[in-house]
Amino acid sequence: MPETETRPEPEALLAAAGREGRGRLKIFLGAAPGVGKTFTMLEAARQHVAEGLDVVVGIVERHGRADTERLLAGLEIVPRRHLFYRGRAMPEMDVDAIISRRPKLVLVDELAHTNVEGSHHAKRWQDVEDLLEAGIDVDTTLNIQHLESLNDIVARISGVRVRETVPDTVLELADDIELVDLAPEELLNRLRQGKVYVQEQVGRAIQNFFSKGNLTALRELALRIAADRVDAQMTAHMRTHAIPGPWPAQERILVCVNEAPVAKALIRVGKRMAERNRSAWLVVSVATPTTEALPDKAKDSLVEALRLAETLGAEIVSLNAGADIAQTILDFARSRNVSRILIGRGRPRGFLPSFLRETVADSLIKQATDFEITIVSPDSRTAGSDTLKMALPKPERQPAAYLWSLLAVGVAAVVAQFVLSLTIMPVEGLALLFLPAVLFAATRYGLWPSLFSSVAAFLAYNFLFTEPYHTFTVYRESEILTLFLFLVVSIVTGNLAARLRMQATAQQAIAERTARLYEFSRKAVSAASLDDVIWASVHHVASTLKCDSLILGPDPHGSLSILGGFPPEDNLDAKDWGAAEWAFEHHEPAGWSSVTLPASSWLFLPIGASAPAWGLVGVRFRQGAYPTPADRRLLEALVDQIGVAIERTRLASDMEETRVLTETERLRAALLSSVSHDLRTPLVSIIGAASSLVEAGEALGEQGRHAMAEAILEEGERLNRYVQNLLDMTRLGYGALQVRHEPVDMREVVGASMRRLKNVLKAHRVELDLPADLPVISGDSALLEQVVTNILDNAAKYAPAGTTLAVTGRAVGRRLVMSIADEGPGIPAADREKIFDMFYRVRAGDAQQAGTGLGLSICRGILEAHGGAIRAEAAEPNGTSIVIELPILADSEDTVTARRREAAI
């Protein structure tokens, strides 16, 4: 076996890195209750304590067993958390207390237990995952009948359906598994002695679950599951530490097949071997650069063989190889820790030299010194076909290849004749001038044209450059040796060049598949919606595999329907719909070339790694076309990527819906808060003042009644402003706000707002700095008055009584810039942009007063409708300045002069 560089597999290193920082999980696995899992776990825990390890008991079920009580003595027990369920206090493991305690090791009994409603998780194994994530090691117990994948098997064996199950992935997470085994007779004796259940339950348990036959079958299941898990751990260790293998700790059979008729016989033999040895088995096919040139009948034969293997329960694997098929198979066998390779023997082609007529089986026998090789000889009906393709490909059937090869030899002969005439090279050296022609044929057209050119060059050299000339007769012994060596060298050179060409072609095919996957990934990432992903998917699958493609998925009513196709397809016949519905329901491939409903002209593959499937990808190859194993792998990779792309769009859609719902809920809560508080407050004041007027009557006096009336008026105006804000916000939200454009003098707008807020502003000094020549703007005076009113009301609300409110205005270029500044506590810089959002109120500073949080948001909406802007700035020396900008009317100066002249008259 040639020495090759060994290195750890990246996937194994990533898996090991993923466990860094996690606690270690050890499972004490048994076939049935009573075999001593808890007892063994507690004995191991006491040994750990004796070694100085920090061990606590998270939860251990005593069941009244004296041995369990004795072993628990002296161990630290974390108090349980009591939850009330149906009027009873139910004790459960306190995960939070264990994590706070942070021991090195915690004992958790009965991993499959279902927690009481109200716990952090529904299942105890989920609590264990939290402990592992916290870096705490866990020892736990589990019976084999609680594994999810064995639920149906256990029900058939025992007649009892186990309700509490654990996913198989939990068992895969285990760093250690200790099998706790007990012979059925011993377990039955323990049961009769009351060491498992109380005496009242013993008789019923022995008649049902604890029969000897049931216990024997469950014991075998436990042994097999433990062996499989240990084997998986050993394989992971080999991959992580770059151990080439194989380590034949467990029998694993590899069946090598290709398009030869003997392939089906090989698969059946492999199935029988696997059943006899109760071992895993794999079926592998190897794709080479010549695979695509195979006739349709050969491709059909390979697909039928792989379909048979899939039906019989084998794991199907397709490999890519260049010329050295045997080495590719052996590398794969070592990576999967295979112990036996099953392969068929073909009839060698005796007319070829030994280095050309060696079959793949012969190469495997030579190189596989660390494997068991089983050869299956074909019968008379399949004789002459090798199980895998020969290293020697089939003859090239393109006449042009041979014509160009012959032309290259002719050119070489002309060049040699010319060189001979110059007498610069001896006749014996002219043979070297024919080698470029052989290399040209090998690198351009493959092995068979190179062999043809070698023979043609041999004959041409003999005919033209050996005596007697222009004959194929050779007189001199030295020339015979020269011709023979020339033929051998040209054949070997052509063969090596052809092999190099095959390897380059294989690498190019792999690079093309990778590029196609990358191209689709790029298209899928750029697709913004589900429809874009579906269109990109069907188009890419169809163009890449030269086939028709469909994507099917459930419609709003739950029925399967066609979502997209290329070329466009909106109908399927009855047998195609039957295959599609079966694939969608069972989450397995169905239709053409599959094991289910192969009469369909479409092959349907489920989208998504887990059931239920999101939808299906359907492909239909054109008449006469047949996919290679490499095409099938590419199709499966594309389906996986389609699933990822669709899941991404669904997640994005769900996140957007969640965001909208969250925002809607926030706005609804803010609106309810506004209605319940900010609108209710002035109503209460109005009702109180009106009640005082009615009840007190003349007792209030004229001054009292006037005060009450003013209070009613002030609160009514306040209420009116709140309602107006809500109406304006609604109009802005629905786009119903209509702006009337007319010349507006902002000095008049400010004056109208101050009159409207005279009661609000009476506690402040208002300083106006608005020049007489302030430019006129184009806008709606009523809406702009609402803007200024909201800003002044906001400033008066948050500025202390007796402070100054400054209103200034200037023309800056073609824009009017106005600011309204207060001397309040100010707004933090981080909140100055947020205050213009609906219902937003600063939590500090200006957030002390009540309000709807709509005023400034309405101001921004109105100003943007006018082509203006609004922002908040810090005022000097303290406070907040709200700055608004509006475009100036083109004929502003003339308009101002005319309006002010009219006002003077």
# chains A, B, ... in the order shown; residues from 1 in each chain; ligands from 1
>>> residues_around(residues="A:Val419", least_positions_apart="4", cutoff="12 Å", atoms="only C-alpha atoms", output="list in words")
Ala412, Ala413, Val414, Val415, Thr423, Ile424, Met425, Pro426, Val427, Gly429, Leu430, Ala431, Leu432, Leu433 and Phe465 of chain A
>>> residues_around(residues="A:Arg252", least_positions_apart="4", cutoff="7 Å", atoms="only C-alpha atoms", output="number ranges by chain")
A: 279-281, 338-340
>>> write_last_selection(atoms="C-alpha atoms", output="PDB file, in the first residue's frame")
ATOM      1  CA  SER A 279     -23.352  -6.307  10.471  1.00  0.00           C
ATOM      2  CA  ALA A 280     -23.686  -3.007   8.642  1.00  0.00           C
ATOM      3  CA  TRP A 281     -23.143  -2.971   4.888  1.00  0.00           C
ATOM      4  CA  VAL A 338     -14.730  -1.445   6.621  1.00  0.00           C
ATOM      5  CA  SER A 339     -13.499  -4.960   7.378  1.00  0.00           C
ATOM      6  CA  ARG A 340     -14.524  -6.834   4.216  1.00  0.00           C
TER       7      ARG A 340
END
>>> residues_around(residues="A:Leu784", least_positions_apart="3", cutoff="9 Å", atoms="only C-alpha atoms", output="VMD selection string")
chain A and resid 744 746 749 779 to 781 787 to 789 859 862 to 863
>>> write_last_selection(atoms="C-alpha atoms", output="PDB file, in the first residue's frame")
ATOM      1  CA  VAL A 744     -48.160  81.606   4.632  1.00  0.00           C
ATOM      2  CA  MET A 746     -45.020  82.231   9.856  1.00  0.00           C
ATOM      3  CA  VAL A 749     -48.890  81.313  12.453  1.00  0.00           C
ATOM      4  CA  GLY A 779     -48.090  75.642   2.749  1.00  0.00           C
ATOM      5  CA  ASP A 780     -51.256  74.972   4.724  1.00  0.00           C
ATOM      6  CA  SER A 781     -51.610  77.587   7.488  1.00  0.00           C
ATOM      7  CA  VAL A 787     -47.050  72.146  14.224  1.00  0.00           C
ATOM      8  CA  VAL A 788     -46.135  75.303  16.112  1.00  0.00           C
ATOM      9  CA  THR A 789     -48.869  74.637  18.691  1.00  0.00           C
ATOM     10  CA  CYS A 859     -45.085  67.630  13.415  1.00  0.00           C
ATOM     11  CA  ILE A 862     -46.833  67.520   8.452  1.00  0.00           C
ATOM     12  CA  LEU A 863     -43.458  69.124   7.773  1.00  0.00           C
TER      13      LEU A 863
END
>>> atom_distance(atom1="atom CA of A:Ala579", atom2="atom CA of A:Val617")
12.0 Å
>>> atom_distance(atom1="atom CA of A:Met754", atom2="atom CA of A:Gly813")
27.5 Å
>>> atom_distance(atom1="atom CA of A:Thr141", atom2="atom CA of A:Ala32")
11.1 Å
>>> residues_around(residues="A:Ser149", least_positions_apart="4", cutoff="12 Å", atoms="only C-alpha atoms", output="compact mmCIF listing (two decimals) with N, CA and C atoms, in the first residue's frame")
# COMPACT_ATOMS: atom_id res chain seq x y z
N ILE A 144 -33.38 0.78 27.62
CA ILE A 144 -33.33 0.70 26.17
C ILE A 144 -34.71 0.94 25.55
N GLN A 145 -35.78 0.57 26.26
CA GLN A 145 -37.12 0.72 25.69
C GLN A 145 -37.57 2.17 25.57
N ILE A 153 -40.49 -1.23 17.96
CA ILE A 153 -39.93 -2.57 18.14
C ILE A 153 -40.25 -3.10 19.52
N VAL A 154 -40.08 -2.27 20.55
CA VAL A 154 -40.37 -2.69 21.92
C VAL A 154 -41.85 -3.01 22.07
N ALA A 155 -42.72 -2.21 21.41
CA ALA A 155 -44.16 -2.48 21.48
C ALA A 155 -44.50 -3.83 20.86
N VAL A 162 -44.41 2.13 25.24
CA VAL A 162 -43.74 3.01 26.18
C VAL A 162 -44.05 4.46 25.80
N THR A 165 -40.25 8.72 25.98
CA THR A 165 -39.14 8.38 25.10
C THR A 165 -38.10 9.48 25.08
N VAL A 166 -36.91 9.10 24.61
CA VAL A 166 -35.78 10.01 24.50
C VAL A 166 -35.29 9.97 23.05
N PRO A 167 -35.05 11.13 22.41
CA PRO A 167 -34.52 11.11 21.04
C PRO A 167 -33.17 10.39 20.97
N ASP A 168 -32.93 9.71 19.85
CA ASP A 168 -31.67 9.00 19.68
C ASP A 168 -30.47 9.94 19.71
N THR A 169 -30.71 11.22 19.37
CA THR A 169 -29.60 12.18 19.37
C THR A 169 -29.00 12.36 20.77
N VAL A 170 -29.80 12.14 21.81
CA VAL A 170 -29.29 12.25 23.17
C VAL A 170 -28.26 11.14 23.42
N LEU A 171 -28.57 9.94 22.93
CA LEU A 171 -27.61 8.84 23.07
C LEU A 171 -26.33 9.13 22.30
N LEU A 221 -31.33 -6.15 22.26
CA LEU A 221 -31.40 -4.79 21.75
C LEU A 221 -30.40 -3.87 22.47
N ILE A 225 -27.35 -1.86 20.66
CA ILE A 225 -27.28 -0.39 20.69
C ILE A 225 -25.98 0.07 21.32
>>> select_by_dssp(residues="stretch 595-656 of chain A", states="helix (DSSP H, G or I)", output="list in words")
Pro629, Ala630, Asp631, Arg632, Arg633, Leu634, Leu635, Glu636, Ala637, Leu638, Val639, Asp640, Gln641, Ile642, Gly643, Val644, Ala645, Ile646, Glu647, Arg648, Thr649, Arg650, Leu651, Ala652, Ser653, Asp654, Met655 and Glu656 of chain A
>>> write_last_selection(atoms="C-alpha atoms", output="CSV table (one decimal), in the first residue's frame")
chain,number,residue,atom,x,y,z
A,629,PRO,CA,-24.3,8.9,-10.2
A,630,ALA,CA,-22.5,12.3,-10.1
A,631,ASP,CA,-25.6,14.0,-11.5
A,632,ARG,CA,-27.7,12.3,-8.8
A,633,ARG,CA,-25.4,13.6,-6.1
A,634,LEU,CA,-25.5,17.0,-7.6
A,635,LEU,CA,-29.3,16.9,-7.7
A,636,GLU,CA,-29.4,15.9,-4.0
A,637,ALA,CA,-27.0,18.7,-3.1
A,638,LEU,CA,-29.1,21.2,-5.0
A,639,VAL,CA,-32.3,20.0,-3.2
A,640,ASP,CA,-30.5,20.5,0.1
A,641,GLN,CA,-29.6,24.0,-0.9
A,642,ILE,CA,-33.1,24.7,-2.1
A,643,GLY,CA,-34.4,23.7,1.3
A,644,VAL,CA,-31.9,26.0,3.0
A,645,ALA,CA,-32.9,28.9,0.8
A,646,ILE,CA,-36.6,28.4,1.3
A,647,GLU,CA,-36.1,28.0,5.0
A,648,ARG,CA,-34.2,31.3,5.0
A,649,THR,CA,-37.0,33.2,3.3
A,650,ARG,CA,-39.6,31.6,5.6
A,651,LEU,CA,-37.6,32.7,8.6
A,652,ALA,CA,-37.2,36.2,7.2
A,653,SER,CA,-41.0,36.3,6.6
A,654,ASP,CA,-41.7,35.0,10.1
A,655,MET,CA,-39.3,37.6,11.6
A,656,GLU,CA,-41.0,40.3,9.6
>>> residues_around(residues="A:Leu407", least_positions_apart="3", cutoff="12 Å", atoms="only C-alpha atoms", output="list in words")
Ala400, Ala401, Tyr402, Leu403, Trp404, Gly410, Val411, Ala412, Ala413, Val414, Phe434, Ala437, Val438, Phe440, Ala441, Pro449, Phe452, Ser453, Ala456, Ala457 and Ala460 of chain A
>>> write_last_selection(atoms="C-alpha atoms", output="compact mmCIF listing (two decimals), in the first residue's frame")
# COMPACT_ATOMS: atom_id res chain seq x y z
CA ALA A 400 -12.51 12.37 -36.16
CA ALA A 401 -10.29 11.46 -33.19
CA TYR A 402 -8.54 8.74 -35.19
CA LEU A 403 -8.27 10.92 -38.30
CA TRP A 404 -6.62 13.73 -36.33
CA GLY A 410 1.71 12.15 -40.88
CA VAL A 411 2.99 15.56 -39.82
CA ALA A 412 5.59 13.89 -37.60
CA ALA A 413 6.70 11.73 -40.56
CA VAL A 414 7.12 14.81 -42.79
CA PHE A 434 6.85 10.70 -33.43
CA ALA A 437 2.09 13.00 -32.14
CA VAL A 438 1.31 10.22 -29.67
CA PHE A 440 -1.14 14.97 -28.86
CA ALA A 441 -3.58 12.10 -29.47
CA PRO A 449 -6.53 7.24 -30.14
CA PHE A 452 -3.84 3.96 -32.57
CA SER A 453 -1.29 6.73 -33.13
CA ALA A 456 0.56 4.20 -36.83
CA ALA A 457 3.85 5.84 -35.81
CA ALA A 460 5.33 4.83 -40.45
>>> closest_residue(among="A:Asp548, A:Asp96, A:Asp324, A:Asp300", to="A:Trp602", atoms="only C-alpha atoms")
A:Asp548
>>> residues_around(residues="stretch 583-595 of chain A", least_positions_apart="2", cutoff="8 Å", atoms="only C-alpha atoms", output="ChimeraX atom specification")
/A:303-304,307-308,310-311,576,579-581,597-606,611-613,615-616
>>> write_last_selection(atoms="N, CA and C atoms", output="mmCIF file, in the first residue's frame")
data_model
loop_
_atom_site.group_PDB
_atom_site.id
_atom_site.type_symbol
_atom_site.label_atom_id
_atom_site.label_comp_id
_atom_site.auth_asym_id
_atom_site.auth_seq_id
_atom_site.Cartn_x
_atom_site.Cartn_y
_atom_site.Cartn_z
ATOM 1 N N VAL A 303 -28.446 1.974 -12.178
ATOM 2 C CA VAL A 303 -29.522 2.525 -11.353
ATOM 3 C C VAL A 303 -30.375 1.411 -10.762
ATOM 4 N N GLU A 304 -30.668 0.370 -11.546
ATOM 5 C CA GLU A 304 -31.454 -0.751 -11.034
ATOM 6 C C GLU A 304 -30.712 -1.461 -9.905
ATOM 7 N N ARG A 307 -30.933 0.711 -6.879
ATOM 8 C CA ARG A 307 -32.299 0.652 -6.368
ATOM 9 C C ARG A 307 -32.518 -0.629 -5.574
ATOM 10 N N LEU A 308 -31.984 -1.750 -6.058
ATOM 11 C CA LEU A 308 -32.088 -3.012 -5.332
ATOM 12 C C LEU A 308 -31.382 -2.915 -3.986
ATOM 13 N N GLU A 310 -30.814 -0.238 -2.206
ATOM 14 C CA GLU A 310 -31.605 0.630 -1.328
ATOM 15 C C GLU A 310 -32.801 -0.119 -0.765
ATOM 16 N N THR A 311 -33.431 -0.949 -1.595
ATOM 17 C CA THR A 311 -34.572 -1.739 -1.137
ATOM 18 C C THR A 311 -34.162 -2.718 -0.047
ATOM 19 N N ASP A 576 -48.137 10.519 -11.956
ATOM 20 C CA ASP A 576 -47.173 11.490 -11.443
ATOM 21 C C ASP A 576 -47.663 12.123 -10.140
ATOM 22 N N ALA A 579 -47.165 9.633 -7.313
ATOM 23 C CA ALA A 579 -45.786 9.595 -6.818
ATOM 24 C C ALA A 579 -45.458 10.836 -5.992
ATOM 25 N N ALA A 580 -45.920 12.005 -6.435
ATOM 26 C CA ALA A 580 -45.646 13.246 -5.702
ATOM 27 C C ALA A 580 -46.296 13.219 -4.316
ATOM 28 N N GLU A 581 -47.533 12.803 -4.243
ATOM 29 C CA GLU A 581 -48.224 12.787 -2.954
ATOM 30 C C GLU A 581 -47.596 11.775 -2.008
ATOM 31 N N LEU A 597 -43.185 3.629 -6.957
ATOM 32 C CA LEU A 597 -43.907 4.138 -8.135
ATOM 33 C C LEU A 597 -42.944 4.560 -9.251
ATOM 34 N N PRO A 598 -42.058 3.656 -9.685
ATOM 35 C CA PRO A 598 -41.087 4.027 -10.726
ATOM 36 C C PRO A 598 -41.713 4.250 -12.096
ATOM 37 N N ALA A 599 -43.012 3.904 -12.281
ATOM 38 C CA ALA A 599 -43.660 4.118 -13.575
ATOM 39 C C ALA A 599 -43.865 5.597 -13.886
ATOM 40 N N SER A 600 -43.773 6.452 -12.886
ATOM 41 C CA SER A 600 -43.916 7.889 -13.117
ATOM 42 C C SER A 600 -42.752 8.400 -13.956
ATOM 43 N N SER A 601 -43.023 9.368 -14.798
ATOM 44 C CA SER A 601 -41.955 9.959 -15.613
ATOM 45 C C SER A 601 -41.158 11.009 -14.846
ATOM 46 N N TRP A 602 -41.604 11.384 -13.655
ATOM 47 C CA TRP A 602 -40.928 12.373 -12.821
ATOM 48 C C TRP A 602 -40.320 11.689 -11.599
ATOM 49 N N LEU A 603 -39.181 12.203 -11.158
ATOM 50 C CA LEU A 603 -38.582 11.809 -9.888
ATOM 51 C C LEU A 603 -38.817 12.945 -8.896
ATOM 52 N N PHE A 604 -39.432 12.626 -7.753
ATOM 53 C CA PHE A 604 -39.766 13.638 -6.749
ATOM 54 C C PHE A 604 -38.902 13.427 -5.510
ATOM 55 N N LEU A 605 -38.245 14.497 -5.080
ATOM 56 C CA LEU A 605 -37.375 14.467 -3.901
ATOM 57 C C LEU A 605 -37.904 15.454 -2.870
ATOM 58 N N PRO A 606 -38.065 15.032 -1.613
ATOM 59 C CA PRO A 606 -38.591 15.949 -0.581
ATOM 60 C C PRO A 606 -37.583 17.042 -0.237
ATOM 61 N N ALA A 611 -38.899 15.535 8.620
ATOM 62 C CA ALA A 611 -40.317 15.449 8.284
ATOM 63 C C ALA A 611 -41.112 16.382 9.214
ATOM 64 N N PRO A 612 -42.237 16.941 8.748
ATOM 65 C CA PRO A 612 -42.758 16.812 7.383
ATOM 66 C C PRO A 612 -41.999 17.698 6.398
ATOM 67 N N ALA A 613 -42.014 17.280 5.125
ATOM 68 C CA ALA A 613 -41.305 18.029 4.096
ATOM 69 C C ALA A 613 -42.017 19.346 3.826
ATOM 70 N N GLY A 615 -41.874 20.757 0.847
ATOM 71 C CA GLY A 615 -42.385 20.578 -0.508
ATOM 72 C C GLY A 615 -41.554 19.548 -1.241
ATOM 73 N N LEU A 616 -41.611 19.562 -2.568
ATOM 74 C CA LEU A 616 -40.923 18.576 -3.392
ATOM 75 C C LEU A 616 -40.217 19.262 -4.549
#
